[in-house]
Amino acid sequence: MHDAPDPATLAAATRAGTSRSTSATIAPNILRYLARVAEEDGVDLRPVLDEVGLDATVMRSAALRVSYRQGSDVIRRALERTGDEHLGLRVGAAQHLTAWGPLGLAMMAAETFQEAIETGLRYQNLSGAMLVWSARWEDDGYVLRADLPDPALDPAVAVFLIEEAYSSAATLTRLNVGASFAPEVVDFAFPAPRDTRRFEELFRCPLRFGAPGNRLVFPARWVRATQPGRDSITYASTLELLDSQLASRRDQQDLLEVLEVSIAQSLPDVPSFVEQARRHASSERTLRRRLAECGTTYEALVDGVRRERVEQLLPRPESTLRDITRQAGFADVRALRRAVRRWHGVTPVELRARLLERRGAAGGSPA
């Protein structure tokens with residue numbers, strides 16, 4: 001069996017295979033469990049979900065896809081309403097592979113645990129993952145890495161996603177191959193919390209905070225172990241279904257990416273929907289139907305492209321708010337401020353400081 005791709009290779013492949021994070025391509029598994037855990041705290045997230053277009057009926061749909069932006073907004077609001085800064089640990093611990101549908105079944109039916117992990121990586125775009133996952137053998141064991149795809153992400157949401165990711169990884173491993181499982185070590189790129197007891201109880205292993213990257217190290221004996229639910233026929237047939245789903249998803253993502261590039265190239269002007277339909281040799285009705293199948297609208301794509309442009313321009317010290325307003329196609333600076341507040345919950349000045357801080361920490365410079 002070959003090692004999984006290294007982090008850089010897998011991240012590049014994932015970026016190439018998905019549209020921008022404004023497009024609705026994520027299965028909302030995290031949001032479903034988030035709503036359930038928040039309810040245990042007496043917090044009703046239905047009004048928040050309604051605000052981003054995810055009412056109760058929609059959330060029950062197996063075909064539902066949400067955008068990375070929608071997911072981030074709901075998570076930020078849930079953190080504010082519950083007051084639990086480590087909500088991600090609880091959401092990850094509440095999950096089961098059955099929530100991942102055919103992909104979860106394929107992982108349970110794989111011959112070895114390493115094959116299960118590699119299957120999850122190969123089809124991670126179908127799982128509802130909001131991070132970029134990769135895994136490979138390193139000196140200290142089999143390392144599962146998780147990287148954030150959005151450099152402008154709210155720090156609290158970033159912590160939630162990493163906590164949820166590794167909490168679910170540990171929980172699902174125990175459900176799949178044995179309750180006694182414990183990693184060799186878990187590294188977190190975020191600073192150590194005031195109280196680490198919840199982390200210690202969950203992971204049962206050494207923890208390192210403020211690390212260069214996010215890593216969960218699996219002991220070799222667990223990775224090479226055969227799985228109790230292994231079934232070669234179920235595994236093979238489920239992979240055929242997943243390949244079919246992945247091909248369909250790529251077709252949808254191709255459409256979204258073409259439209260987003262068209263919008264981005266036209267800014268500060270935005271092509272009308274009629275013009276986009278004409279450019280793509282489609283009727284308006286057909287194009288709206290195809291976008292609905294992708295779980296989005298043309299208006300949402302425009303909003304997402306503007307957001308991306310703002311996040312590209314804000315770290316540049318020579319760009320004034322008036323310049324950014326014009327280049328992103330907003331009517332005035334007030335409209336820009338409202339949009340940034342809606343996207344990130346902060347002002348443009350605060351977001352600029354956050355982006356510059358992150359670039360400085362990474363040793364980069366504004367493009």
# chains A, B, ... in the order shown; residues from 1 in each chain; ligands from 1
$ select_by_dssp --residues "stretch 103-284 of chain A" --states "helix (DSSP H, G or I)" --output "PyMOL selection string"
chain A and resi 103-109+113-122+124-126+155-177+197-203+220-223+232-266+273-279+284
$ residues_around --residues "A:Arg215" --least-positions-apart "6" --cutoff "6 Å" --atoms "only C-alpha atoms" --output "list of chain:residue names"
A:Leu144, A:Arg145, A:Val186, A:Asp187
$ closest_residue --among "A:Val143, A:Ala38, A:Leu105, A:Leu79" --to "A:Leu241" --atoms "only C-alpha atoms"
A:Leu105
$ closest_residue --among "A:Ala35, A:Ser72, A:Glu80, A:Pro183" --to "A:Pro149" --atoms "only C-alpha atoms"
A:Ser72
$ atom_distance --atom1 "atom CA of A:Leu336" --atom2 "atom CA of A:Leu356"
18.9 Å
$ atom_distance --atom1 "atom CA of A:Arg285" --atom2 "atom CA of A:Phe273"
10.5 Å
$ select_by_dssp --residues "stretch 96-267 of chain A" --states "strand (DSSP E or B)" --output "PyMOL selection string"
chain A and resi 112+132-138+141-147+185-188+207-209+215-218+226
$ write_last_selection --atoms "C-alpha atoms" --output "PDB file, in the first residue's frame"
ATOM      1  CA  THR A 112      -6.912  -1.904   7.284  1.00  0.00           C
ATOM      2  CA  VAL A 132      -7.623  20.219   3.890  1.00  0.00           C
ATOM      3  CA  TRP A 133      -6.596  16.791   5.180  1.00  0.00           C
ATOM      4  CA  SER A 134      -3.408  14.890   4.376  1.00  0.00           C
ATOM      5  CA  ALA A 135      -1.524  11.941   5.875  1.00  0.00           C
ATOM      6  CA  ARG A 136       1.845  10.226   5.524  1.00  0.00           C
ATOM      7  CA  TRP A 137       4.405   8.192   7.428  1.00  0.00           C
ATOM      8  CA  GLU A 138       6.888  10.351   9.330  1.00  0.00           C
ATOM      9  CA  GLY A 141       4.433   7.529  13.157  1.00  0.00           C
ATOM     10  CA  TYR A 142       1.554   7.915  10.725  1.00  0.00           C
ATOM     11  CA  VAL A 143       0.694  11.622  10.786  1.00  0.00           C
ATOM     12  CA  LEU A 144      -2.718  13.089  10.003  1.00  0.00           C
ATOM     13  CA  ARG A 145      -2.456  16.798   9.179  1.00  0.00           C
ATOM     14  CA  ALA A 146      -5.234  19.376   8.919  1.00  0.00           C
ATOM     15  CA  ASP A 147      -4.752  22.769   7.242  1.00  0.00           C
ATOM     16  CA  VAL A 185       0.793  12.922  20.357  1.00  0.00           C
ATOM     17  CA  VAL A 186      -1.473  15.705  19.064  1.00  0.00           C
ATOM     18  CA  ASP A 187      -0.053  19.062  17.942  1.00  0.00           C
ATOM     19  CA  PHE A 188      -2.203  22.195  17.745  1.00  0.00           C
ATOM     20  CA  LEU A 207      -0.471  17.492  23.727  1.00  0.00           C
ATOM     21  CA  ARG A 208       1.593  20.311  22.214  1.00  0.00           C
ATOM     22  CA  PHE A 209       0.064  23.747  21.681  1.00  0.00           C
ATOM     23  CA  ARG A 215      -0.770  17.000  13.581  1.00  0.00           C
ATOM     24  CA  LEU A 216      -2.278  13.848  15.064  1.00  0.00           C
ATOM     25  CA  VAL A 217       0.218  10.983  15.203  1.00  0.00           C
ATOM     26  CA  PHE A 218      -1.195   7.443  15.013  1.00  0.00           C
ATOM     27  CA  THR A 226      -7.223  -5.006  10.184  1.00  0.00           C
TER      28      THR A 226
END
$ residues_around --residues "A:Gly345" --least-positions-apart "3" --cutoff "10 Å" --atoms "only C-alpha atoms" --output "NGL selection string"
:A and (73 or 76-77 or 154 or 338-342 or 348 or 350-351)
$ atom_distance --atom1 "atom CA of A:Val66" --atom2 "atom CA of A:Gln252"
13.4 Å
$ residues_around --residues "A:Gln245" --least-positions-apart "4" --cutoff "12 Å" --atoms "only C-alpha atoms" --output "list of chain:residue names"
A:Ala63, A:Gly101, A:Pro102, A:Leu103, A:Tyr123, A:Gln124, A:Asn125, A:Leu126, A:Ser127, A:Thr238, A:Leu239, A:Glu240, A:Leu241, A:Arg249, A:Arg250, A:Asp251, A:Gln252
$ decode --residues "stretch 270-302 of chain A" --atoms "N, CA, C and O atoms" --output "PDB file, in the first residue's frame"
ATOM      1  N   VAL A 270     -20.218  44.075 -12.693  1.00  0.00           N
ATOM      2  CA  VAL A 270     -20.669  42.696 -12.558  1.00  0.00           C
ATOM      3  C   VAL A 270     -21.578  42.355 -13.734  1.00  0.00           C
ATOM      4  O   VAL A 270     -22.586  43.033 -13.954  1.00  0.00           O
ATOM      5  N   PRO A 271     -21.235  41.327 -14.507  1.00  0.00           N
ATOM      6  CA  PRO A 271     -22.110  40.933 -15.619  1.00  0.00           C
ATOM      7  C   PRO A 271     -23.495  40.561 -15.110  1.00  0.00           C
ATOM      8  O   PRO A 271     -23.627  39.929 -14.056  1.00  0.00           O
ATOM      9  N   SER A 272     -24.507  40.948 -15.831  1.00  0.00           N
ATOM     10  CA  SER A 272     -25.864  40.569 -15.436  1.00  0.00           C
ATOM     11  C   SER A 272     -26.052  39.073 -15.623  1.00  0.00           C
ATOM     12  O   SER A 272     -25.296  38.416 -16.343  1.00  0.00           O
ATOM     13  N   PHE A 273     -27.076  38.554 -14.972  1.00  0.00           N
ATOM     14  CA  PHE A 273     -27.359  37.127 -15.118  1.00  0.00           C
ATOM     15  C   PHE A 273     -27.708  36.798 -16.562  1.00  0.00           C
ATOM     16  O   PHE A 273     -27.317  35.753 -17.087  1.00  0.00           O
ATOM     17  N   VAL A 274     -28.425  37.710 -17.221  1.00  0.00           N
ATOM     18  CA  VAL A 274     -28.777  37.508 -18.638  1.00  0.00           C
ATOM     19  C   VAL A 274     -27.512  37.398 -19.478  1.00  0.00           C
ATOM     20  O   VAL A 274     -27.399  36.533 -20.351  1.00  0.00           O
ATOM     21  N   GLU A 275     -26.532  38.264 -19.187  1.00  0.00           N
ATOM     22  CA  GLU A 275     -25.278  38.239 -19.932  1.00  0.00           C
ATOM     23  C   GLU A 275     -24.511  36.943 -19.677  1.00  0.00           C
ATOM     24  O   GLU A 275     -23.930  36.360 -20.593  1.00  0.00           O
ATOM     25  N   GLN A 276     -24.512  36.458 -18.434  1.00  0.00           N
ATOM     26  CA  GLN A 276     -23.819  35.213 -18.131  1.00  0.00           C
ATOM     27  C   GLN A 276     -24.461  34.039 -18.865  1.00  0.00           C
ATOM     28  O   GLN A 276     -23.764  33.165 -19.389  1.00  0.00           O
ATOM     29  N   ALA A 277     -25.786  34.005 -18.907  1.00  0.00           N
ATOM     30  CA  ALA A 277     -26.470  32.930 -19.631  1.00  0.00           C
ATOM     31  C   ALA A 277     -26.085  32.964 -21.107  1.00  0.00           C
ATOM     32  O   ALA A 277     -25.827  31.917 -21.724  1.00  0.00           O
ATOM     33  N   ARG A 278     -26.011  34.176 -21.677  1.00  0.00           N
ATOM     34  CA  ARG A 278     -25.643  34.299 -23.094  1.00  0.00           C
ATOM     35  C   ARG A 278     -24.212  33.819 -23.326  1.00  0.00           C
ATOM     36  O   ARG A 278     -23.937  33.101 -24.284  1.00  0.00           O
ATOM     37  N   ARG A 279     -23.300  34.203 -22.422  1.00  0.00           N
ATOM     38  CA  ARG A 279     -21.898  33.801 -22.569  1.00  0.00           C
ATOM     39  C   ARG A 279     -21.734  32.292 -22.551  1.00  0.00           C
ATOM     40  O   ARG A 279     -20.832  31.746 -23.196  1.00  0.00           O
ATOM     41  N   HIS A 280     -22.579  31.615 -21.794  1.00  0.00           N
ATOM     42  CA  HIS A 280     -22.436  30.168 -21.634  1.00  0.00           C
ATOM     43  C   HIS A 280     -23.454  29.390 -22.475  1.00  0.00           C
ATOM     44  O   HIS A 280     -23.700  28.214 -22.210  1.00  0.00           O
ATOM     45  N   ALA A 281     -23.989  30.089 -23.491  1.00  0.00           N
ATOM     46  CA  ALA A 281     -24.911  29.452 -24.438  1.00  0.00           C
ATOM     47  C   ALA A 281     -26.014  28.694 -23.720  1.00  0.00           C
ATOM     48  O   ALA A 281     -26.298  27.529 -24.016  1.00  0.00           O
ATOM     49  N   SER A 282     -26.633  29.349 -22.765  1.00  0.00           N
ATOM     50  CA  SER A 282     -27.664  28.722 -21.944  1.00  0.00           C
ATOM     51  C   SER A 282     -28.834  29.678 -21.794  1.00  0.00           C
ATOM     52  O   SER A 282     -28.671  30.899 -21.876  1.00  0.00           O
ATOM     53  N   SER A 283     -29.997  29.115 -21.563  1.00  0.00           N
ATOM     54  CA  SER A 283     -31.132  29.964 -21.230  1.00  0.00           C
ATOM     55  C   SER A 283     -31.018  30.366 -19.766  1.00  0.00           C
ATOM     56  O   SER A 283     -30.348  29.697 -18.971  1.00  0.00           O
ATOM     57  N   GLU A 284     -31.669  31.454 -19.377  1.00  0.00           N
ATOM     58  CA  GLU A 284     -31.648  31.874 -17.980  1.00  0.00           C
ATOM     59  C   GLU A 284     -32.234  30.783 -17.086  1.00  0.00           C
ATOM     60  O   GLU A 284     -31.717  30.501 -16.001  1.00  0.00           O
ATOM     61  N   ARG A 285     -33.306  30.177 -17.551  1.00  0.00           N
ATOM     62  CA  ARG A 285     -33.971  29.148 -16.747  1.00  0.00           C
ATOM     63  C   ARG A 285     -33.032  27.965 -16.493  1.00  0.00           C
ATOM     64  O   ARG A 285     -32.945  27.446 -15.378  1.00  0.00           O
ATOM     65  N   THR A 286     -32.320  27.541 -17.559  1.00  0.00           N
ATOM     66  CA  THR A 286     -31.412  26.400 -17.415  1.00  0.00           C
ATOM     67  C   THR A 286     -30.265  26.721 -16.476  1.00  0.00           C
ATOM     68  O   THR A 286     -29.890  25.904 -15.623  1.00  0.00           O
ATOM     69  N   LEU A 287     -29.712  27.925 -16.610  1.00  0.00           N
ATOM     70  CA  LEU A 287     -28.591  28.299 -15.756  1.00  0.00           C
ATOM     71  C   LEU A 287     -29.027  28.399 -14.292  1.00  0.00           C
ATOM     72  O   LEU A 287     -28.303  27.967 -13.397  1.00  0.00           O
ATOM     73  N   ARG A 288     -30.211  28.949 -14.044  1.00  0.00           N
ATOM     74  CA  ARG A 288     -30.709  29.016 -12.662  1.00  0.00           C
ATOM     75  C   ARG A 288     -30.917  27.615 -12.095  1.00  0.00           C
ATOM     76  O   ARG A 288     -30.618  27.355 -10.924  1.00  0.00           O
ATOM     77  N   ARG A 289     -31.428  26.717 -12.929  1.00  0.00           N
ATOM     78  CA  ARG A 289     -31.644  25.346 -12.466  1.00  0.00           C
ATOM     79  C   ARG A 289     -30.314  24.680 -12.121  1.00  0.00           C
ATOM     80  O   ARG A 289     -30.189  24.008 -11.088  1.00  0.00           O
ATOM     81  N   ARG A 290     -29.305  24.876 -12.959  1.00  0.00           N
ATOM     82  CA  ARG A 290     -28.001  24.258 -12.695  1.00  0.00           C
ATOM     83  C   ARG A 290     -27.371  24.831 -11.420  1.00  0.00           C
ATOM     84  O   ARG A 290     -26.750  24.097 -10.653  1.00  0.00           O
ATOM     85  N   LEU A 291     -27.531  26.112 -11.198  1.00  0.00           N
ATOM     86  CA  LEU A 291     -27.010  26.711  -9.967  1.00  0.00           C
ATOM     87  C   LEU A 291     -27.764  26.190  -8.747  1.00  0.00           C
ATOM     88  O   LEU A 291     -27.171  25.945  -7.693  1.00  0.00           O
ATOM     89  N   ALA A 292     -29.078  26.011  -8.890  1.00  0.00           N
ATOM     90  CA  ALA A 292     -29.870  25.456  -7.788  1.00  0.00           C
ATOM     91  C   ALA A 292     -29.401  24.045  -7.453  1.00  0.00           C
ATOM     92  O   ALA A 292     -29.352  23.655  -6.278  1.00  0.00           O
ATOM     93  N   GLU A 293     -29.033  23.270  -8.464  1.00  0.00           N
ATOM     94  CA  GLU A 293     -28.522  21.920  -8.226  1.00  0.00           C
ATOM     95  C   GLU A 293     -27.194  21.963  -7.472  1.00  0.00           C
ATOM     96  O   GLU A 293     -26.847  21.025  -6.755  1.00  0.00           O
ATOM     97  N   CYS A 294     -26.456  23.060  -7.649  1.00  0.00           N
ATOM     98  CA  CYS A 294     -25.198  23.252  -6.920  1.00  0.00           C
ATOM     99  C   CYS A 294     -25.439  23.826  -5.530  1.00  0.00           C
ATOM    100  O   CYS A 294     -24.489  24.014  -4.755  1.00  0.00           O
ATOM    101  N   GLY A 295     -26.700  24.172  -5.225  1.00  0.00           N
ATOM    102  CA  GLY A 295     -27.034  24.713  -3.922  1.00  0.00           C
ATOM    103  C   GLY A 295     -26.686  26.174  -3.758  1.00  0.00           C
ATOM    104  O   GLY A 295     -26.428  26.624  -2.634  1.00  0.00           O
ATOM    105  N   THR A 296     -26.672  26.937  -4.853  1.00  0.00           N
ATOM    106  CA  THR A 296     -26.317  28.340  -4.745  1.00  0.00           C
ATOM    107  C   THR A 296     -27.113  29.171  -5.743  1.00  0.00           C
ATOM    108  O   THR A 296     -27.966  28.661  -6.461  1.00  0.00           O
ATOM    109  N   THR A 297     -26.836  30.472  -5.766  1.00  0.00           N
ATOM    110  CA  THR A 297     -27.472  31.403  -6.690  1.00  0.00           C
ATOM    111  C   THR A 297     -26.399  32.296  -7.288  1.00  0.00           C
ATOM    112  O   THR A 297     -25.272  32.381  -6.775  1.00  0.00           O
ATOM    113  N   TYR A 298     -26.763  32.999  -8.362  1.00  0.00           N
ATOM    114  CA  TYR A 298     -25.808  33.906  -8.980  1.00  0.00           C
ATOM    115  C   TYR A 298     -25.461  35.036  -8.009  1.00  0.00           C
ATOM    116  O   TYR A 298     -24.301  35.464  -7.921  1.00  0.00           O
ATOM    117  N   GLU A 299     -26.443  35.507  -7.263  1.00  0.00           N
ATOM    118  CA  GLU A 299     -26.207  36.588  -6.302  1.00  0.00           C
ATOM    119  C   GLU A 299     -25.194  36.154  -5.229  1.00  0.00           C
ATOM    120  O   GLU A 299     -24.336  36.946  -4.821  1.00  0.00           O
ATOM    121  N   ALA A 300     -25.286  34.896  -4.794  1.00  0.00           N
ATOM    122  CA  ALA A 300     -24.341  34.398  -3.793  1.00  0.00           C
ATOM    123  C   ALA A 300     -22.928  34.306  -4.359  1.00  0.00           C
ATOM    124  O   ALA A 300     -21.950  34.587  -3.663  1.00  0.00           O
ATOM    125  N   LEU A 301     -22.822  33.936  -5.629  1.00  0.00           N
ATOM    126  CA  LEU A 301     -21.500  33.877  -6.258  1.00  0.00           C
ATOM    127  C   LEU A 301     -20.882  35.268  -6.349  1.00  0.00           C
ATOM    128  O   LEU A 301     -19.687  35.453  -6.076  1.00  0.00           O
ATOM    129  N   VAL A 302     -21.684  36.258  -6.736  1.00  0.00           N
ATOM    130  CA  VAL A 302     -21.181  37.633  -6.814  1.00  0.00           C
ATOM    131  C   VAL A 302     -20.695  38.090  -5.440  1.00  0.00           C
ATOM    132  O   VAL A 302     -19.611  38.679  -5.301  1.00  0.00           O
TER     133      VAL A 302
END
